[in-house]
Amino acid sequence: MAVVYIMEQGAYLVKEGERILVKKEKSILHTLHAFKLEQIVIFGNVSITPAAISYLLRLGIDTVFMSKNGRYKGRLQGPYSKNIGLRQKQFERFADPEFCLDIARSIVNGKINNMRVLILRLNRTKNSKDLELEDHIFQLKKLKQRLKEAKDVDEIRGIEGRASALYFEGFSKGFVSHTIEFTKRVRRPPTDPVNAILSLGYTFLFNEVLGAISMIGLDPYLGALHAIEYGRASLALDLMEEWRPVLIDTLVLSMFNLKAIGMQDFTIFKDHIKESDLSEDMPDLPVRLTNDGMRKFIIQFERKMKQKIRHHLTGTHLSYRDCIREQIRHFARHIKGDDPAYQPITFR
């Protein structure tokens with residue numbers, strides 16, 4: 001099953017028989033066979049006819065809307081999952097502070113483990129002596145051990161924040177080229193190419209996790225690690241944490257180090273734009289990918305998502321995309337009491 005990205009501004013999708021046509025003016029740009037489609041991701045000014053919307057909803061083809069620059073906007077939502085019993089159990093379990101503490105501890109334990117593994121791998125490279133990563137590795141191990149003694153979720157958030165700061169200090173030393181300037185994680189807005197592509201990658205990862213949560217029938221807005229806020233998909237943010245280092249961070253490192261992407265693939269704006277001033281029709285990031293850069297990232301992201309790894313619970317080899325879904329099924333089983341504990345995916 002294919003994931004298709006539509007980036008051509010001014011294009012529109014129409015239904016013709018059992019196909020979706022991507023057209024611009026009177027030209028047909030692409031022909032999409034519905035039986036091969038798993039997801040369509042639409043960027044910016046791309047429209048869909050009512051007949052195409054109805055068809056995509058009827059077939060259950062996940063249709064996602066992003067801004068031109070890769071910000072998640074929303075998705076076509078058909079009838080919501082009928083699994084009300086699962087959501088009822090989710091609300092019941094998450095009302096228990098001890099349950100939330102255990103979930104948050106497990107999630108951050110997995111994330112710190114995977115961050116430490118990436119730094120360990122960097123430390124095994126040829127020039128590892130120059131990287132001076134031993135202290136980062138040691139401190140991450142200590143923070144992981146501190147999780148066992150954490151008494152509430154706020155303490156776990158503090159440990160996660162310290163671990164992430166340490167991790168990105170070490171991560172910044174993994175780039176081969178000295179022309180790449182990255183010293184720390186800057187989120188809103190990204191101020192350099194590495195932060196820009198990390199933010200884009202995390203948005204793509206968020207989309208994968210959110211889609212899987214909705215498919216399985218959990219409520220994406222009720223999480224444990226991320227505080228509940230109006231409009232925030234806290235559970236999706238929770239369950240993407242363990243995947244950040246192994247999926248997105250490793251991909252970004254390899255793309256820069258293997259020169260699959262370069263400075264020519266970014267547009268840099270010198271004047272800082274306040275988030276309150278952003279609009280859909282203006283450049284909304286001080287640093288963003290060009291159209292060619294976006295295409296390069298999408299190609300590499302999809303290659304990564306199709307790679308197969310051994311799932312630690314099932315023992316089967318699954319693509320990263322299917323592993324994400326299996327982890328969320330595992331989380332749902334834990335919610336229902338079928339699995340005794342949530343076990344994040346961890347790498348060695």
# chains A, B, ... in the order shown; residues from 1 in each chain; ligands from 1

call {"tool": "residues_around", "arguments": {"residues": "stretch 249-255 of chain A", "least_positions_apart": "2", "cutoff": "8 Å", "atoms": "only C-alpha atoms", "output": "ChimeraX atom specification"}}
result
/A:118,174-175,194,197-198,244-247,257-261,300-301,304

call {"tool": "select_by_dssp", "arguments": {"residues": "stretch 199-277 of chain A", "states": "helix (DSSP H, G or I)", "output": "PyMOL selection string"}}
result
chain A and resi 199-216+234-257+263-265+275-277

call {"tool": "residues_around", "arguments": {"residues": "A:Ile6", "least_positions_apart": "2", "cutoff": "7 Å", "atoms": "only C-alpha atoms", "output": "number ranges by chain"}}
result
A: 4, 8, 41-43

call {"tool": "write_last_selection", "arguments": {"atoms": "C-alpha atoms", "output": "short mmCIF file (atom, residue, chain, number, x, y, z; two decimals), in the first residue's frame"}}
result
data_model
loop_
_atom_site.label_atom_id
_atom_site.label_comp_id
_atom_site.auth_asym_id
_atom_site.auth_seq_id
_atom_site.Cartn_x
_atom_site.Cartn_y
_atom_site.Cartn_z
CA VAL A 4 1.32 9.57 -1.76
CA GLU A 8 1.98 20.80 -6.60
CA VAL A 41 -0.67 13.74 2.28
CA ILE A 42 -1.61 17.12 0.81
CA PHE A 43 0.56 20.24 1.13
#

call {"tool": "select_by_dssp", "arguments": {"residues": "stretch 101-346 of chain A", "states": "strand (DSSP E or B)", "output": "JSON, numbers by chain"}}
result
{"A": [266, 267, 268, 287, 288, 289, 308, 309, 310, 317, 318, 319]}

call {"tool": "residues_around", "arguments": {"residues": "A:Thr63", "least_positions_apart": "4", "cutoff": "12 Å", "atoms": "only C-alpha atoms", "output": "PyMOL selection string"}}
result
chain A and resi 3-6+13+37-43+47-48+52-59+72-78+207-208+211

call {"tool": "write_last_selection", "arguments": {"atoms": "N, CA and C atoms", "output": "mmCIF file, in the first residue's frame"}}
result
data_model
loop_
_atom_site.group_PDB
_atom_site.id
_atom_site.type_symbol
_atom_site.label_atom_id
_atom_site.label_comp_id
_atom_site.auth_asym_id
_atom_site.auth_seq_id
_atom_site.Cartn_x
_atom_site.Cartn_y
_atom_site.Cartn_z
ATOM 1 N N VAL A 3 1.865 5.429 0.217
ATOM 2 C CA VAL A 3 1.624 6.749 0.786
ATOM 3 C C VAL A 3 2.020 7.751 -0.289
ATOM 4 N N VAL A 4 1.098 8.631 -0.663
ATOM 5 C CA VAL A 4 1.323 9.570 -1.760
ATOM 6 C C VAL A 4 1.331 10.990 -1.208
ATOM 7 N N TYR A 5 2.321 11.777 -1.622
ATOM 8 C CA TYR A 5 2.452 13.171 -1.195
ATOM 9 C C TYR A 5 2.140 14.075 -2.386
ATOM 10 N N ILE A 6 1.208 15.009 -2.212
ATOM 11 C CA ILE A 6 0.822 15.943 -3.272
ATOM 12 C C ILE A 6 1.328 17.334 -2.888
ATOM 13 N N LEU A 13 -7.738 17.220 -6.741
ATOM 14 C CA LEU A 13 -7.990 15.781 -6.845
ATOM 15 C C LEU A 13 -9.437 15.552 -7.257
ATOM 16 N N LEU A 37 -3.785 2.617 -2.488
ATOM 17 C CA LEU A 37 -3.547 3.765 -1.617
ATOM 18 C C LEU A 37 -3.780 3.440 -0.146
ATOM 19 N N GLU A 38 -2.848 3.854 0.682
ATOM 20 C CA GLU A 38 -3.017 3.779 2.133
ATOM 21 C C GLU A 38 -3.259 5.164 2.710
ATOM 22 N N GLN A 39 -2.530 6.154 2.180
ATOM 23 C CA GLN A 39 -2.623 7.508 2.718
ATOM 24 C C GLN A 39 -2.272 8.509 1.621
ATOM 25 N N ILE A 40 -2.943 9.659 1.659
ATOM 26 C CA ILE A 40 -2.595 10.793 0.803
ATOM 27 C C ILE A 40 -2.247 11.957 1.720
ATOM 28 N N VAL A 41 -1.091 12.578 1.500
ATOM 29 C CA VAL A 41 -0.669 13.738 2.284
ATOM 30 C C VAL A 41 -0.644 14.938 1.345
ATOM 31 N N ILE A 42 -1.411 15.957 1.673
ATOM 32 C CA ILE A 42 -1.612 17.116 0.806
ATOM 33 C C ILE A 42 -0.953 18.340 1.437
ATOM 34 N N PHE A 43 -0.155 19.062 0.644
ATOM 35 C CA PHE A 43 0.561 20.235 1.132
ATOM 36 C C PHE A 43 -0.014 21.510 0.509
ATOM 37 N N SER A 47 -6.686 21.240 -3.707
ATOM 38 C CA SER A 47 -8.102 21.051 -3.375
ATOM 39 C C SER A 47 -8.584 19.662 -3.775
ATOM 40 N N ILE A 48 -9.740 19.282 -3.221
ATOM 41 C CA ILE A 48 -10.346 17.979 -3.508
ATOM 42 C C ILE A 48 -11.818 18.206 -3.836
ATOM 43 N N ALA A 52 -14.540 13.228 -4.732
ATOM 44 C CA ALA A 52 -13.292 12.582 -4.310
ATOM 45 C C ALA A 52 -13.246 12.439 -2.793
ATOM 46 N N ILE A 53 -13.712 13.469 -2.075
ATOM 47 C CA ILE A 53 -13.759 13.398 -0.609
ATOM 48 C C ILE A 53 -14.639 12.233 -0.167
ATOM 49 N N SER A 54 -15.821 12.142 -0.746
ATOM 50 C CA SER A 54 -16.751 11.066 -0.391
ATOM 51 C C SER A 54 -16.139 9.700 -0.670
ATOM 52 N N TYR A 55 -15.453 9.578 -1.782
ATOM 53 C CA TYR A 55 -14.828 8.310 -2.184
ATOM 54 C C TYR A 55 -13.712 7.922 -1.219
ATOM 55 N N LEU A 56 -12.854 8.889 -0.869
ATOM 56 C CA LEU A 56 -11.749 8.617 0.058
ATOM 57 C C LEU A 56 -12.280 8.218 1.434
ATOM 58 N N LEU A 57 -13.331 8.890 1.884
ATOM 59 C CA LEU A 57 -13.933 8.541 3.172
ATOM 60 C C LEU A 57 -14.546 7.144 3.132
ATOM 61 N N ARG A 58 -15.223 6.836 2.033
ATOM 62 C CA ARG A 58 -15.877 5.524 1.926
ATOM 63 C C ARG A 58 -14.860 4.392 1.955
ATOM 64 N N LEU A 59 -13.700 4.611 1.318
ATOM 65 C CA LEU A 59 -12.668 3.573 1.275
ATOM 66 C C LEU A 59 -11.768 3.584 2.508
ATOM 67 N N TYR A 72 1.339 20.365 10.331
ATOM 68 C CA TYR A 72 0.137 19.528 10.347
ATOM 69 C C TYR A 72 -1.094 20.399 10.540
ATOM 70 N N LYS A 73 -2.094 20.205 9.665
ATOM 71 C CA LYS A 73 -3.341 20.969 9.742
ATOM 72 C C LYS A 73 -4.516 20.117 10.211
ATOM 73 N N GLY A 74 -4.602 18.899 9.724
ATOM 74 C CA GLY A 74 -5.719 18.035 10.089
ATOM 75 C C GLY A 74 -5.853 16.905 9.081
ATOM 76 N N ARG A 75 -6.942 16.145 9.180
ATOM 77 C CA ARG A 75 -7.158 15.022 8.277
ATOM 78 C C ARG A 75 -8.657 14.812 8.069
ATOM 79 N N LEU A 76 -8.989 14.174 6.951
ATOM 80 C CA LEU A 76 -10.380 13.783 6.727
ATOM 81 C C LEU A 76 -10.767 12.766 7.793
ATOM 82 N N GLN A 77 -11.845 13.020 8.477
ATOM 83 C CA GLN A 77 -12.266 12.136 9.564
ATOM 84 C C GLN A 77 -13.631 11.555 9.247
ATOM 85 N N GLY A 78 -13.674 10.265 8.986
ATOM 86 C CA GLY A 78 -14.940 9.581 8.769
ATOM 87 C C GLY A 78 -15.553 9.206 10.106
ATOM 88 N N ASN A 207 2.216 12.724 12.669
ATOM 89 C CA ASN A 207 1.124 12.324 11.783
ATOM 90 C C ASN A 207 0.952 10.808 11.764
ATOM 91 N N GLU A 208 2.076 10.077 11.724
ATOM 92 C CA GLU A 208 2.010 8.608 11.723
ATOM 93 C C GLU A 208 1.378 8.089 13.013
ATOM 94 N N GLY A 211 -2.404 9.100 13.381
ATOM 95 C CA GLY A 211 -3.242 8.283 12.511
ATOM 96 C C GLY A 211 -3.466 6.892 13.075
#

call {"tool": "closest_residue", "arguments": {"among": "A:Arg87, A:Arg93, A:Arg71, A:Lys141", "to": "A:Asn113", "atoms": "only C-alpha atoms"}}
result
A:Lys141

call {"tool": "residues_around", "arguments": {"residues": "A:Glu92", "least_positions_apart": "6", "cutoff": "12 Å", "atoms": "only C-alpha atoms", "output": "number ranges by chain"}}
result
A: 85-86, 99-100, 222, 335-337

call {"tool": "residues_around", "arguments": {"residues": "stretch 340-344 of chain A", "least_positions_apart": "6", "cutoff": "9 Å", "atoms": "only C-alpha atoms", "output": "PyMOL selection string"}}
result
chain A and resi 102-103+106-111+239+242+312-313+327+330-331+333-334

call {"tool": "closest_residue", "arguments": {"among": "A:Ile213, A:Val14, A:Ile112, A:Leu21", "to": "A:Leu237", "atoms": "only C-alpha atoms"}}
result
A:Ile213

call {"tool": "atom_distance", "arguments": {"atom1": "atom CA of A:Tyr230", "atom2": "atom CA of A:Glu155"}}
result
22.6 Å

call {"tool": "residues_around", "arguments": {"residues": "A:Thr191", "least_positions_apart": "2", "cutoff": "7 Å", "atoms": "only C-alpha atoms", "output": "JSON, numbers by chain"}}
result
{"A": [186, 189, 195, 286, 287]}

call {"tool": "decode", "arguments": {"residues": "stretch 37-94 of chain A", "atoms": "C-alpha atoms", "output": "PDB file, in the first residue's frame"}}
result
ATOM      1  CA  LEU A  37      -3.547   3.765  -1.617  1.00  0.00           C
ATOM      2  CA  GLU A  38      -3.017   3.779   2.133  1.00  0.00           C
ATOM      3  CA  GLN A  39      -2.623   7.508   2.718  1.00  0.00           C
ATOM      4  CA  ILE A  40      -2.595  10.793   0.803  1.00  0.00           C
ATOM      5  CA  VAL A  41      -0.669  13.738   2.284  1.00  0.00           C
ATOM      6  CA  ILE A  42      -1.612  17.116   0.806  1.00  0.00           C
ATOM      7  CA  PHE A  43       0.561  20.235   1.132  1.00  0.00           C
ATOM      8  CA  GLY A  44      -0.754  23.785   0.888  1.00  0.00           C
ATOM      9  CA  ASN A  45      -3.053  24.959  -1.887  1.00  0.00           C
ATOM     10  CA  VAL A  46      -4.349  21.623  -3.178  1.00  0.00           C
ATOM     11  CA  SER A  47      -8.102  21.051  -3.375  1.00  0.00           C
ATOM     12  CA  ILE A  48     -10.346  17.979  -3.508  1.00  0.00           C
ATOM     13  CA  THR A  49     -13.723  17.706  -5.214  1.00  0.00           C
ATOM     14  CA  PRO A  50     -16.719  16.616  -3.087  1.00  0.00           C
ATOM     15  CA  ALA A  51     -16.956  13.352  -5.037  1.00  0.00           C
ATOM     16  CA  ALA A  52     -13.292  12.582  -4.310  1.00  0.00           C
ATOM     17  CA  ILE A  53     -13.759  13.398  -0.609  1.00  0.00           C
ATOM     18  CA  SER A  54     -16.751  11.066  -0.391  1.00  0.00           C
ATOM     19  CA  TYR A  55     -14.828   8.310  -2.184  1.00  0.00           C
ATOM     20  CA  LEU A  56     -11.749   8.617   0.058  1.00  0.00           C
ATOM     21  CA  LEU A  57     -13.933   8.541   3.172  1.00  0.00           C
ATOM     22  CA  ARG A  58     -15.877   5.524   1.926  1.00  0.00           C
ATOM     23  CA  LEU A  59     -12.668   3.573   1.275  1.00  0.00           C
ATOM     24  CA  GLY A  60     -11.079   4.698   4.548  1.00  0.00           C
ATOM     25  CA  ILE A  61      -8.038   6.180   2.799  1.00  0.00           C
ATOM     26  CA  ASP A  62      -6.307   8.408   5.344  1.00  0.00           C
ATOM     27  CA  THR A  63      -6.117  11.918   3.863  1.00  0.00           C
ATOM     28  CA  VAL A  64      -3.858  14.369   5.695  1.00  0.00           C
ATOM     29  CA  PHE A  65      -3.547  18.129   5.222  1.00  0.00           C
ATOM     30  CA  MET A  66      -0.274  19.992   5.800  1.00  0.00           C
ATOM     31  CA  SER A  67       0.666  23.610   5.212  1.00  0.00           C
ATOM     32  CA  LYS A  68       2.935  24.225   2.233  1.00  0.00           C
ATOM     33  CA  ASN A  69       5.882  24.182   4.639  1.00  0.00           C
ATOM     34  CA  GLY A  70       4.930  20.968   6.416  1.00  0.00           C
ATOM     35  CA  ARG A  71       2.843  22.002   9.418  1.00  0.00           C
ATOM     36  CA  TYR A  72       0.137  19.528  10.347  1.00  0.00           C
ATOM     37  CA  LYS A  73      -3.341  20.969   9.742  1.00  0.00           C
ATOM     38  CA  GLY A  74      -5.719  18.035  10.089  1.00  0.00           C
ATOM     39  CA  ARG A  75      -7.158  15.022   8.277  1.00  0.00           C
ATOM     40  CA  LEU A  76     -10.380  13.783   6.727  1.00  0.00           C
ATOM     41  CA  GLN A  77     -12.266  12.136   9.564  1.00  0.00           C
ATOM     42  CA  GLY A  78     -14.940   9.581   8.769  1.00  0.00           C
ATOM     43  CA  PRO A  79     -17.029   7.782  11.403  1.00  0.00           C
ATOM     44  CA  TYR A  80     -14.939   7.579  14.569  1.00  0.00           C
ATOM     45  CA  SER A  81     -13.865   4.221  15.939  1.00  0.00           C
ATOM     46  CA  LYS A  82     -16.775   2.312  17.432  1.00  0.00           C
ATOM     47  CA  ASN A  83     -14.542   1.016  20.241  1.00  0.00           C
ATOM     48  CA  ILE A  84     -16.156   3.116  22.972  1.00  0.00           C
ATOM     49  CA  GLY A  85     -15.193   0.487  25.560  1.00  0.00           C
ATOM     50  CA  LEU A  86     -11.499   1.113  24.885  1.00  0.00           C
ATOM     51  CA  ARG A  87     -11.847   4.881  25.260  1.00  0.00           C
ATOM     52  CA  GLN A  88     -13.936   4.443  28.398  1.00  0.00           C
ATOM     53  CA  LYS A  89     -11.201   2.247  29.866  1.00  0.00           C
ATOM     54  CA  GLN A  90      -8.572   4.801  28.796  1.00  0.00           C
ATOM     55  CA  PHE A  91     -10.314   7.580  30.741  1.00  0.00           C
ATOM     56  CA  GLU A  92     -10.747   5.289  33.729  1.00  0.00           C
ATOM     57  CA  ARG A  93      -7.071   4.256  33.818  1.00  0.00           C
ATOM     58  CA  PHE A  94      -5.735   7.767  33.212  1.00  0.00           C
TER      59      PHE A  94
END
